[in-house]
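Structure data follow from my_file-v2.csv (CSV, C-alpha atoms):
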```
chain,number,residue,atom,x,y,z
A,1,MET,CA,63.8,-38.4,-93.5
A,2,THR,CA,66.4,-36.3,-91.7
A,3,ARG,CA,65.7,-33.4,-89.4
A,4,GLN,CA,66.9,-31.0,-92.2
A,5,GLN,CA,64.6,-32.6,-94.8
A,6,HIS,CA,61.7,-32.4,-92.4
A,7,GLN,CA,62.3,-28.7,-91.8
A,8,ALA,CA,62.6,-28.2,-95.6
A,9,CYS,CA,59.1,-29.5,-96.0
A,10,GLY,CA,57.8,-26.8,-93.7
A,11,TRP,CA,57.0,-28.9,-90.7
A,12,PRO,CA,57.8,-27.6,-87.2
A,13,SER,CA,61.3,-28.5,-86.1
A,14,HIS,CA,60.0,-30.0,-82.8
A,15,SER,CA,57.8,-32.7,-84.4
A,16,PHE,CA,60.4,-35.4,-84.4
A,17,ALA,CA,61.2,-34.9,-80.7
A,18,ASP,CA,57.5,-34.8,-79.9
A,19,ILE,CA,56.9,-38.0,-81.9
A,20,SER,CA,59.8,-39.8,-80.1
A,21,VAL,CA,58.6,-38.6,-76.7
A,22,ARG,CA,55.0,-39.6,-77.4
A,23,ARG,CA,56.1,-43.1,-78.5
A,24,ARG,CA,58.1,-43.5,-75.4
A,25,LEU,CA,55.1,-42.4,-73.3
A,26,THR,CA,52.8,-44.7,-75.2
A,27,LEU,CA,55.1,-47.7,-74.5
A,28,ALA,CA,55.6,-46.8,-70.9
A,29,ALA,CA,51.8,-46.3,-70.3
A,30,GLY,CA,51.1,-49.6,-72.0
A,31,ALA,CA,53.6,-51.4,-69.8
A,32,ALA,CA,52.3,-49.7,-66.7
A,33,ALA,CA,48.7,-50.8,-67.6
A,34,LEU,CA,50.0,-54.4,-67.8
A,35,LEU,CA,51.7,-54.2,-64.4
A,36,LEU,CA,48.6,-52.7,-62.7
A,37,THR,CA,46.1,-55.4,-63.9
A,38,PRO,CA,46.2,-58.4,-61.6
A,39,ALA,CA,45.2,-61.8,-63.0
A,40,SER,CA,42.7,-62.3,-60.3
A,41,ALA,CA,40.7,-59.1,-61.0
A,42,GLN,CA,37.8,-60.7,-63.0
A,43,ALA,CA,34.7,-59.3,-61.4
A,44,ALA,CA,34.8,-55.7,-62.5
A,45,GLY,CA,37.4,-55.7,-65.2
A,46,THR,CA,40.3,-53.2,-65.5
A,47,VAL,CA,41.7,-52.0,-62.2
A,48,ALA,CA,40.7,-48.5,-61.0
A,49,GLY,CA,43.3,-45.9,-61.7
A,50,THR,CA,44.6,-47.6,-64.8
A,51,ASP,CA,45.4,-45.1,-67.6
A,52,ILE,CA,43.9,-46.0,-71.0
A,53,VAL,CA,46.3,-44.4,-73.5
A,54,ASN,CA,45.6,-43.9,-77.2
A,55,VAL,CA,47.6,-42.3,-80.0
A,56,ALA,CA,46.3,-42.0,-83.6
A,57,GLN,CA,48.7,-42.0,-86.6
A,58,ALA,CA,48.6,-40.5,-90.1
A,59,SER,CA,50.9,-41.8,-92.8
A,60,PHE,CA,51.6,-40.7,-96.3
A,61,ASP,CA,54.2,-41.0,-99.1
A,62,GLY,CA,57.1,-38.7,-98.8
A,63,PRO,CA,57.5,-35.9,-101.3
A,64,SER,CA,59.3,-36.6,-104.6
A,65,GLY,CA,59.0,-40.3,-104.1
A,66,GLY,CA,60.8,-40.2,-100.8
A,67,PRO,CA,60.2,-42.7,-97.9
A,68,PRO,CA,56.7,-42.9,-96.2
A,69,VAL,CA,56.1,-40.4,-93.4
A,70,THR,CA,54.1,-41.2,-90.2
A,71,ILE,CA,52.8,-38.5,-87.9
A,72,ASP,CA,51.4,-39.3,-84.4
A,73,SER,CA,48.4,-37.4,-82.9
A,74,ASN,CA,48.4,-36.0,-79.5
A,75,ILE,CA,48.1,-38.5,-76.7
A,76,VAL,CA,44.6,-39.1,-75.2
A,77,THR,CA,44.7,-40.5,-71.7
A,78,ILE,CA,41.6,-41.7,-69.9
A,79,LYS,CA,41.8,-42.9,-66.2
A,80,VAL,CA,39.6,-45.9,-65.3
A,81,ASP,CA,37.2,-44.9,-62.5
A,82,GLU,CA,36.6,-47.2,-59.5
A,83,LEU,CA,33.4,-49.3,-59.6
A,84,LEU,CA,32.0,-49.8,-56.1
A,85,ASP,CA,30.5,-53.3,-55.8
A,86,VAL,CA,30.4,-56.0,-53.1
A,87,THR,CA,28.7,-59.4,-52.5
A,88,VAL,CA,27.9,-61.1,-49.2
A,89,VAL,CA,27.0,-64.8,-49.0
A,90,SER,CA,26.4,-67.2,-46.2
A,91,SER,CA,29.2,-69.8,-45.9
A,92,ASP,CA,27.3,-72.2,-43.7
A,93,PRO,CA,26.2,-75.4,-45.6
A,94,GLY,CA,22.7,-75.2,-44.0
A,95,ASP,CA,21.1,-74.2,-40.7
A,96,VAL,CA,23.6,-74.1,-37.8
A,97,ALA,CA,22.4,-76.5,-35.1
A,98,THR,CA,22.4,-75.1,-31.6
A,99,SER,CA,20.7,-75.4,-28.2
A,100,PRO,CA,18.9,-73.0,-25.8
A,101,GLY,CA,21.1,-70.9,-23.5
A,102,LEU,CA,24.4,-71.3,-25.4
A,103,THR,CA,26.8,-68.4,-25.9
A,104,GLY,CA,29.4,-67.7,-28.6
A,105,GLN,CA,27.4,-69.4,-31.4
A,106,ALA,CA,28.7,-68.5,-34.8
A,107,THR,CA,27.2,-68.0,-38.3
A,108,THR,CA,29.7,-67.7,-41.1
A,109,TYR,CA,29.7,-65.4,-44.2
A,110,GLN,CA,32.0,-64.4,-47.0
A,111,VAL,CA,32.4,-60.8,-48.1
A,112,THR,CA,33.9,-60.2,-51.6
A,113,ASN,CA,35.0,-57.0,-53.2
A,114,THR,CA,33.5,-57.3,-56.7
A,115,GLY,CA,34.6,-53.8,-57.7
A,116,ASN,CA,37.7,-52.9,-59.5
A,117,GLY,CA,39.6,-51.0,-56.8
A,118,SER,CA,40.9,-51.5,-53.4
A,119,GLU,CA,38.0,-50.7,-51.0
A,120,ALA,CA,37.2,-50.8,-47.3
A,121,PHE,CA,33.9,-52.1,-46.2
A,122,THR,CA,31.8,-51.3,-43.1
A,123,LEU,CA,30.1,-54.4,-41.6
A,124,SER,CA,27.0,-54.7,-39.4
A,125,ALA,CA,24.8,-57.5,-38.0
A,126,ASP,CA,21.0,-57.8,-37.6
A,127,THR,CA,20.0,-60.5,-35.2
A,128,ALA,CA,16.4,-59.4,-34.9
A,129,LYS,CA,15.0,-60.1,-38.3
A,130,PRO,CA,11.2,-60.4,-38.4
A,131,GLY,CA,9.4,-63.6,-39.4
A,132,ASP,CA,11.6,-66.1,-37.6
A,133,GLU,CA,10.8,-68.1,-34.4
A,134,PHE,CA,13.3,-66.4,-32.1
A,135,ASP,CA,15.9,-63.7,-31.9
A,136,THR,CA,19.4,-64.2,-30.7
A,137,THR,CA,21.4,-61.6,-28.7
A,138,PHE,CA,24.2,-60.1,-30.7
A,139,GLU,CA,27.7,-60.5,-29.2
A,140,GLN,CA,30.4,-59.6,-31.8
A,141,ILE,CA,31.5,-59.6,-35.4
A,142,ILE,CA,34.7,-61.5,-35.9
A,143,LEU,CA,37.2,-61.3,-38.8
A,144,ASP,CA,38.8,-64.6,-39.8
A,145,THR,CA,42.4,-63.7,-39.1
A,146,ASN,CA,44.1,-67.0,-40.1
A,147,GLY,CA,41.9,-67.6,-43.1
A,148,ASN,CA,40.9,-71.1,-42.2
A,149,GLY,CA,37.1,-70.4,-42.4
A,150,VAL,CA,36.6,-71.6,-38.8
A,151,TYR,CA,36.0,-69.4,-35.8
A,152,ASP,CA,39.0,-69.7,-33.5
A,153,PRO,CA,38.5,-67.9,-30.2
A,154,GLY,CA,41.5,-65.9,-29.2
A,155,VAL,CA,43.0,-66.1,-32.7
A,156,ASP,CA,40.5,-64.4,-34.9
A,157,THR,CA,40.1,-60.6,-34.7
A,158,ILE,CA,37.2,-58.8,-33.1
A,159,TYR,CA,35.7,-56.3,-35.6
A,160,SER,CA,35.3,-52.7,-34.5
A,161,PRO,CA,33.5,-50.5,-37.1
A,162,GLY,CA,35.6,-47.6,-38.3
A,163,THR,CA,38.7,-49.1,-36.7
A,164,ASN,CA,39.6,-52.2,-38.6
A,165,ASP,CA,37.1,-52.2,-41.5
A,166,PRO,CA,38.4,-54.9,-43.9
A,167,VAL,CA,40.2,-53.5,-46.9
A,168,LEU,CA,39.9,-55.8,-49.9
A,169,ALA,CA,41.6,-55.7,-53.3
A,170,PRO,CA,39.5,-56.5,-56.4
A,171,ASP,CA,38.0,-60.0,-56.1
A,172,GLU,CA,39.5,-60.5,-52.6
A,173,SER,CA,37.3,-62.0,-50.0
A,174,VAL,CA,37.2,-62.2,-46.2
A,175,THR,CA,35.4,-64.6,-44.0
A,176,VAL,CA,33.3,-63.0,-41.2
A,177,PHE,CA,31.6,-64.6,-38.2
A,178,ILE,CA,28.7,-63.2,-36.2
A,179,LEU,CA,28.6,-64.5,-32.6
A,180,SER,CA,25.2,-64.8,-30.9
A,181,THR,CA,23.7,-65.9,-27.6
A,182,ILE,CA,20.8,-68.3,-27.9
A,183,PRO,CA,17.9,-67.5,-25.6
A,184,ALA,CA,16.9,-70.1,-23.1
A,185,SER,CA,13.3,-69.8,-24.2
A,186,ALA,CA,14.0,-71.1,-27.8
A,187,GLY,CA,12.1,-74.2,-28.5
A,188,ASP,CA,13.0,-77.4,-30.4
A,189,ALA,CA,13.2,-76.9,-34.2
A,190,ASP,CA,12.8,-73.1,-33.9
A,191,ARG,CA,14.9,-71.0,-36.4
A,192,ALA,CA,16.6,-67.7,-36.1
A,193,GLU,CA,17.8,-65.5,-39.0
A,194,ILE,CA,21.1,-63.7,-38.6
A,195,GLU,CA,22.0,-61.1,-41.3
A,196,LEU,CA,25.4,-59.6,-42.2
A,197,SER,CA,25.6,-56.4,-44.2
A,198,ALA,CA,28.7,-54.9,-46.0
A,199,VAL,CA,28.8,-51.3,-47.4
A,200,ALA,CA,31.6,-49.7,-49.3
A,201,LYS,CA,33.2,-46.9,-47.2
A,202,THR,CA,33.7,-44.6,-50.2
A,203,GLY,CA,29.9,-44.6,-50.7
A,204,SER,CA,26.9,-46.5,-51.7
A,205,GLY,CA,23.5,-45.7,-53.3
A,206,THR,CA,21.8,-46.1,-56.7
A,207,PRO,CA,23.9,-47.7,-59.4
A,208,GLY,CA,25.6,-45.0,-61.4
A,209,ASP,CA,25.9,-42.5,-58.5
A,210,ILE,CA,29.3,-40.8,-58.7
A,211,PHE,CA,31.7,-39.8,-55.9
A,212,ALA,CA,33.9,-37.3,-57.8
A,213,GLY,CA,37.6,-37.8,-57.3
A,214,GLN,CA,37.2,-40.4,-54.6
A,215,GLY,CA,38.0,-43.5,-56.6
A,216,ASP,CA,41.0,-45.7,-56.1
A,217,GLY,CA,43.9,-44.4,-58.2
A,218,GLY,CA,42.6,-40.8,-58.3
A,219,GLY,CA,39.6,-41.1,-60.6
A,220,ASP,CA,35.9,-41.0,-59.7
A,221,ALA,CA,34.1,-43.7,-57.7
A,222,VAL,CA,31.0,-45.0,-59.4
A,223,VAL,CA,28.3,-47.1,-57.6
A,224,GLY,CA,28.0,-50.5,-59.3
A,225,SER,CA,25.1,-52.9,-59.8
A,226,THR,CA,25.0,-54.0,-56.2
A,227,GLY,CA,24.6,-50.4,-55.0
A,228,ALA,CA,28.0,-50.9,-53.2
A,229,SER,CA,26.2,-52.7,-50.4
A,230,ASP,CA,25.0,-56.3,-49.9
A,231,GLU,CA,23.7,-58.5,-47.2
A,232,ALA,CA,23.1,-62.2,-46.6
A,233,SER,CA,21.5,-64.3,-43.9
A,234,GLY,CA,22.5,-67.4,-42.0
A,235,PHE,CA,20.2,-69.4,-39.8
A,236,PHE,CA,20.3,-71.1,-36.4
A,237,VAL,CA,18.0,-74.1,-35.7
A,238,ILE,CA,17.4,-75.4,-32.2
A,239,GLU,CA,18.1,-79.1,-31.9
A,240,ALA,CA,17.0,-79.8,-28.4
A,241,ALA,CA,16.2,-83.1,-26.7
A,242,GLU,CA,14.3,-83.8,-23.5
A,243,ILE,CA,13.9,-87.0,-21.4
A,244,THR,CA,11.2,-88.5,-19.3
A,245,LEU,CA,12.0,-91.2,-16.8
A,246,VAL,CA,9.3,-93.5,-15.6
A,247,LYS,CA,9.9,-96.0,-12.8
A,248,SER,CA,7.7,-99.0,-11.9
A,249,ALA,CA,8.1,-102.0,-9.5
A,250,THR,CA,6.7,-105.5,-9.3
A,251,ILE,CA,7.0,-107.8,-6.2
A,252,ILE,CA,7.3,-111.5,-5.9
A,253,ASP,CA,7.1,-112.7,-2.3
A,254,PRO,CA,8.5,-116.1,-1.1
A,255,PHE,CA,5.0,-117.6,-1.2
A,256,GLY,CA,4.4,-116.9,-4.9
A,257,GLY,CA,2.3,-113.8,-4.2
A,258,THR,CA,3.0,-110.1,-4.5
A,259,GLU,CA,3.2,-109.0,-0.9
A,260,ALA,CA,6.0,-106.7,0.3
A,261,VAL,CA,7.3,-109.0,3.1
A,262,PRO,CA,10.8,-109.7,4.2
A,263,GLY,CA,12.5,-112.0,1.6
A,264,ALA,CA,10.3,-110.6,-1.3
A,265,VAL,CA,12.1,-109.6,-4.5
A,266,ILE,CA,11.3,-106.2,-5.9
A,267,ARG,CA,12.0,-105.8,-9.7
A,268,TYR,CA,12.4,-102.2,-10.6
A,269,GLN,CA,11.9,-101.0,-14.2
A,270,LEU,CA,13.2,-97.7,-15.5
A,271,VAL,CA,11.9,-96.5,-18.9
A,272,ALA,CA,13.9,-93.5,-20.3
A,273,THR,CA,12.2,-91.8,-23.3
A,274,THR,CA,13.9,-88.9,-25.3
A,275,THR,CA,12.0,-86.4,-27.4
A,276,GLY,CA,13.1,-83.6,-29.8
A,277,THR,CA,15.4,-83.2,-32.7
A,278,GLY,CA,18.6,-83.0,-30.7
A,279,ASN,CA,20.8,-85.5,-28.8
A,280,LEU,CA,21.3,-86.1,-25.1
A,281,THR,CA,25.0,-86.5,-24.6
A,282,ASN,CA,26.6,-88.8,-21.9
A,283,LEU,CA,23.1,-89.8,-20.7
A,284,ALA,CA,23.4,-92.0,-17.6
A,285,ILE,CA,20.6,-93.5,-15.4
A,286,THR,CA,21.3,-93.8,-11.7
A,287,ASP,CA,19.1,-95.4,-9.0
A,288,ASP,CA,20.0,-95.7,-5.4
A,289,ILE,CA,19.3,-99.0,-3.6
A,290,PRO,CA,16.5,-98.4,-1.2
A,291,ALA,CA,17.0,-98.6,2.6
A,292,ASP,CA,16.0,-102.0,4.1
A,293,THR,CA,16.8,-103.8,0.9
A,294,THR,CA,19.8,-105.6,-0.5
A,295,TYR,CA,20.8,-105.4,-4.2
A,296,ASN,CA,20.6,-108.7,-6.1
A,297,ALA,CA,24.0,-109.1,-7.7
A,298,GLY,CA,24.1,-109.3,-11.5
A,299,SER,CA,20.5,-108.3,-11.9
A,300,ILE,CA,20.9,-105.2,-14.1
A,301,THR,CA,19.6,-105.5,-17.6
A,302,LEU,CA,19.4,-103.0,-20.6
A,303,GLU,CA,16.9,-103.8,-23.3
A,304,GLY,CA,16.6,-107.3,-21.7
A,305,ALA,CA,20.3,-108.0,-22.0
A,306,ALA,CA,22.2,-108.7,-18.8
A,307,LEU,CA,24.9,-106.2,-17.7
A,308,THR,CA,27.8,-106.8,-15.3
A,309,ASP,CA,28.1,-105.0,-11.9
A,310,ALA,CA,31.8,-104.1,-12.3
A,311,PRO,CA,32.5,-100.4,-12.9
A,312,GLY,CA,34.7,-99.5,-15.8
A,313,ASP,CA,34.4,-102.7,-17.8
A,314,ALA,CA,33.2,-103.1,-21.4
A,315,ASP,CA,29.4,-102.9,-20.8
A,316,ALA,CA,27.2,-100.0,-19.7
A,317,GLY,CA,26.2,-101.3,-16.2
A,318,ALA,CA,27.7,-100.9,-12.8
A,319,PHE,CA,26.9,-101.3,-9.1
A,320,ASP,CA,29.0,-99.1,-6.8
A,321,GLY,CA,27.8,-100.5,-3.5
A,322,SER,CA,24.9,-98.1,-3.0
A,323,ALA,CA,23.4,-97.5,-6.5
A,324,ILE,CA,23.2,-99.0,-9.9
A,325,VAL,CA,24.4,-96.9,-12.9
A,326,VAL,CA,23.7,-97.5,-16.6
A,327,ALA,CA,25.7,-95.3,-19.0
A,328,LEU,CA,23.7,-94.8,-22.2
A,329,GLY,CA,26.1,-92.5,-24.0
A,330,THR,CA,24.6,-90.2,-26.7
A,331,VAL,CA,20.9,-90.8,-27.3
A,332,PRO,CA,19.0,-88.9,-30.0
A,333,GLY,CA,15.5,-87.7,-29.5
A,334,GLY,CA,12.7,-90.2,-30.2
A,335,GLN,CA,14.5,-93.1,-28.5
A,336,THR,CA,13.5,-95.4,-25.6
A,337,ARG,CA,15.8,-97.2,-23.2
A,338,THR,CA,14.6,-99.8,-20.7
A,339,ILE,CA,16.6,-100.8,-17.6
A,340,THR,CA,15.7,-103.3,-14.9
A,341,PHE,CA,17.3,-104.4,-11.6
A,342,GLN,CA,16.3,-106.3,-8.5
A,343,VAL,CA,16.6,-106.0,-4.7
A,344,THR,CA,15.4,-108.2,-1.9
A,345,ILE,CA,13.5,-106.8,1.1
A,346,ASP,CA,15.6,-107.4,4.3
```
Let me see the structure of the file written as structure tokens.
Amino acid sequence: MTRQQHQACGWPSHSFADISVRRRLTLAAGAAALLLTPASAQAAGTVAGTDIVNVAQASFDGPSGGPPVTIDSNIVTIKVDELLDVTVVSSDPGDVATSPGLTGQATTYQVTNTGNGSEAFTLSADTAKPGDEFDTTFEQIILDTNGNGVYDPGVDTIYSPGTNDPVLAPDESVTVFILSTIPASAGDADRAEIELSAVAKTGSGTPGDIFAGQGDGGGDAVVGSTGASDEASGFFVIEAAEITLVKSATIIDPFGGTEAVPGAVIRYQLVATTTGTGNLTNLAITDDIPADTTYNAGSITLEGAALTDAPGDADAGAFDGSAIVVALGTVPGGQTRTITFQVTID
């Protein structure tokens, strides 16, 4: 139908222009919606600020058997509000083993924006949770700058609330570390709970609460099912080991007796016993040769097996001219090592 035919039917002369403009707006809005929706945004659906555009149509046969006529309604546009949601989970595969007195001990977490808009989150740590065996001293919260999931001192970024709160796109995550000092008083197998919390900066509260006009993209912000805040805990466990060292001596004199006379041989025995759930690293047993005695060359044994006196060779034993040394390496708790050596009374 031409513009003149349209006017002859009594319809307003601007209808065709309006229809053309509306169709162009509908196509443009639809294309914009496709561009604004990233493939990764799965958690909360359509991205905040997206315009949902809808136009109804009426169609009828033209007068006097003319071609069909289609009329568009006015355009109805609804802006998608921002849903505020976040999840926090511990990234540690289990309890983080540590020892009393250590500093810079890290627990690891992942913070994920499960809302549908770009959002900043405020982070906080609680290292004094009730119900555990000990509390750590909080040091810092660290943001994983290089994204490798491992705390790298001097590379990763120190978090300062209100200054560098992480801003996450929908479904985007950031790895966060909490650094703690372990108290010297913590005992073997004791556990400590370390909690990380994340709260949406736009606001949090009861699901359904509305922050008018504060949503990403210009709409409202609506608190989601998480309350726009979440927390998760990681745990330290103390793996400590201790050692007891017991020394004994037996004497064989030149006459077959046990008197400590010149020429008698003293056989020393050292029994090292480790306890606890941890390991003793680079454990070495050293014993000075007593005054007025002479070391009997080649007399060192470990678990009954002879060791050489030469330092730096393949076995664990050595004599340096004044003392014997047996390098035991890393020994876990619950182990016993027995060493013997001999001297002769001058």
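Contact shell of A:Gly115 at 8 Å (all atoms listed in the file; same-chain neighbours under 2 positions omitted): Ala43, Ala44, Glu82, Leu83, Leu84, Asp85, Val86, Asn113, Gly117, Ser118, Pro170, Asp171 and Gly224 of chain A.
Relative to atom CA of A:Ser229, atom CA of A:Thr122 is found at 9.3 Å.
Between atom CA of A:Thr293 and atom CA of A:Ala310 the separation is 20.0 Å.
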- Item | d(atom CA of A:Val47, atom CA of A:Thr114) in Å | 11.2 Å
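If you measure from each of A:Ile300, A:Leu179, A:Leu123, A:Val150 to A:Gly104 using all atoms listed in the file, the closest one turns out to be A:Leu179.
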- Message: Would you pick out the contacts of A:Gly317 at 8 Å or less, using only C-alpha atoms, so that residues sharing its chain but fewer than 4 positions from it are not included, and give the list as a ChimeraX atom specification?
- Response: /A:300-301,307-311,324-327
- Query: Neighbours of stretch 194-210 of chain A within 8 Å (all atoms listed in the file; same-chain residues fewer than 5 positions away dropped), as a ChimeraX atom specification?
  - Reply: /A:84-88,107,109,111,119-129,178,215,220-236
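Using only C-alpha atoms, the shortest contact distance between A:Ser185 and any of A:Gly154, A:Pro166, A:Gly101, A:Gly147 is found at A:Gly101.
Look at everything within 7 Å of (24.3, -94.7, -21.7) using all atoms listed in the file, and the residues you get are Asn282, Leu283, Ala284, Ala316, Val326, Ala327, Leu328, Gly329 and Thr330 of chain A.
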What does the file look like for those residues with C-alpha atoms, as a compact mmCIF listing (two decimals), in the coordinates of the input?
```txt
# COMPACT_ATOMS: atom_id res chain seq x y z
CA ASN A 282 26.60 -88.80 -21.90
CA LEU A 283 23.10 -89.80 -20.70
CA ALA A 284 23.40 -92.00 -17.60
CA ALA A 316 27.20 -100.00 -19.70
CA VAL A 326 23.70 -97.50 -16.60
CA ALA A 327 25.70 -95.30 -19.00
CA LEU A 328 23.70 -94.80 -22.20
CA GLY A 329 26.10 -92.50 -24.00
CA THR A 330 24.60 -90.20 -26.70
```
- Message: Which residues are near A:Ala260? Cut-off 7 Å, all atoms listed in the file, ignore same chain within fewer than 4 positions. Put them as a list in words.
- Response: Ile251, Asp253 and Ala264 of chain A
Identify, on the basis of only C-alpha atoms, every residue whose closest approach to stretch 135-143 of chain A does not exceed 7 Å; exclude the query and any residue fewer than 4 positions from it along the same chain; express the result as a PDB file with C-alpha atoms, keeping the file's coordinate frame.
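Just written: part.pdb:
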```
ATOM      1  CA  THR A 127      20.000 -60.500 -35.200  1.00  0.00           C
ATOM      2  CA  ALA A 128      16.400 -59.400 -34.900  1.00  0.00           C
ATOM      3  CA  ASP A 156      40.500 -64.400 -34.900  1.00  0.00           C
ATOM      4  CA  THR A 157      40.100 -60.600 -34.700  1.00  0.00           C
ATOM      5  CA  ILE A 158      37.200 -58.800 -33.100  1.00  0.00           C
ATOM      6  CA  TYR A 159      35.700 -56.300 -35.600  1.00  0.00           C
ATOM      7  CA  THR A 175      35.400 -64.600 -44.000  1.00  0.00           C
ATOM      8  CA  VAL A 176      33.300 -63.000 -41.200  1.00  0.00           C
ATOM      9  CA  PHE A 177      31.600 -64.600 -38.200  1.00  0.00           C
ATOM     10  CA  ILE A 178      28.700 -63.200 -36.200  1.00  0.00           C
ATOM     11  CA  LEU A 179      28.600 -64.500 -32.600  1.00  0.00           C
ATOM     12  CA  SER A 180      25.200 -64.800 -30.900  1.00  0.00           C
ATOM     13  CA  THR A 181      23.700 -65.900 -27.600  1.00  0.00           C
ATOM     14  CA  ILE A 182      20.800 -68.300 -27.900  1.00  0.00           C
ATOM     15  CA  PRO A 183      17.900 -67.500 -25.600  1.00  0.00           C
ATOM     16  CA  ALA A 192      16.600 -67.700 -36.100  1.00  0.00           C
TER      17      ALA A 192
END
```
- Closest to A:Asp288 among A:Ser322, A:Thr340, A:Thr77, A:Ser173, using all atoms listed in the file? A:Ser322
- Item | Nearest residue to A:Gly131 from the set A:Val246, A:Tyr151, A:Glu172, A:Arg191 (distances using all atoms listed in the file) | A:Arg191
- Task: Choose the residue, out of A:Phe134, A:Asn164, A:Ile266, A:Ala169, that has the smallest atom-to-atom separation from A:Thr112; count all atoms listed in the file.
- Result: A:Ala169
- Item | Pick from A:Asp95, A:Glu259, A:Asp346, A:Asp132 nearest to A:Asp292, counting all atoms listed in the file | A:Asp346
Subset file as a CSV table (one decimal), in the first residue's frame: stretch 166-218 of chain A, C-alpha atoms:
```
chain,number,residue,atom,x,y,z
A,166,PRO,CA,38.2,-6.9,43.3
A,167,VAL,CA,35.8,-6.0,40.5
A,168,LEU,CA,34.4,-9.2,38.9
A,169,ALA,CA,32.4,-9.6,35.7
A,170,PRO,CA,29.5,-12.1,35.8
A,171,ASP,CA,30.9,-15.6,36.5
A,172,GLU,CA,34.4,-14.2,36.9
A,173,SER,CA,36.5,-15.5,39.8
A,174,VAL,CA,39.6,-14.4,41.8
A,175,THR,CA,41.9,-16.4,44.0
A,176,VAL,CA,42.5,-14.9,47.4
A,177,PHE,CA,45.0,-15.9,50.1
A,178,ILE,CA,44.9,-15.2,53.8
A,179,LEU,CA,48.3,-15.0,55.4
A,180,SER,CA,48.6,-16.0,59.1
A,181,THR,CA,51.2,-16.4,61.8
A,182,ILE,CA,51.1,-19.7,63.7
A,183,PRO,CA,51.5,-19.4,67.4
A,184,ALA,CA,54.4,-21.1,69.0
A,185,SER,CA,52.0,-22.7,71.6
A,186,ALA,CA,50.1,-24.7,69.0
A,187,GLY,CA,50.3,-28.4,69.6
A,188,ASP,CA,50.7,-31.4,67.3
A,189,ALA,CA,47.5,-32.2,65.4
A,190,ASP,CA,45.7,-29.0,66.5
A,191,ARG,CA,43.5,-27.3,63.9
A,192,ALA,CA,42.7,-23.7,63.3
A,193,GLU,CA,39.8,-22.4,61.2
A,194,ILE,CA,40.4,-19.4,58.9
A,195,GLU,CA,37.4,-17.7,57.3
A,196,LEU,CA,37.2,-15.4,54.2
A,197,SER,CA,34.1,-13.3,53.6
A,198,ALA,CA,33.1,-11.4,50.5
A,199,VAL,CA,30.3,-8.8,50.3
A,200,ALA,CA,28.9,-7.0,47.3
A,201,LYS,CA,29.8,-3.3,47.6
A,202,THR,CA,26.5,-2.2,46.0
A,203,GLY,CA,24.7,-3.8,49.0
A,204,SER,CA,23.7,-7.0,50.7
A,205,GLY,CA,20.9,-8.2,52.8
A,206,THR,CA,17.7,-10.3,52.5
A,207,PRO,CA,17.1,-11.9,49.1
A,208,GLY,CA,14.8,-9.5,47.2
A,209,ASP,CA,16.0,-6.3,48.8
A,210,ILE,CA,16.3,-3.6,46.2
A,211,PHE,CA,18.8,-0.8,45.8
A,212,ALA,CA,17.0,1.5,43.4
A,213,GLY,CA,19.0,2.8,40.4
A,214,GLN,CA,22.3,1.3,41.6
A,215,GLY,CA,22.4,-1.7,39.3
A,216,ASP,CA,25.1,-2.3,36.7
A,217,GLY,CA,23.7,-0.7,33.5
A,218,GLY,CA,21.4,1.8,35.1
```
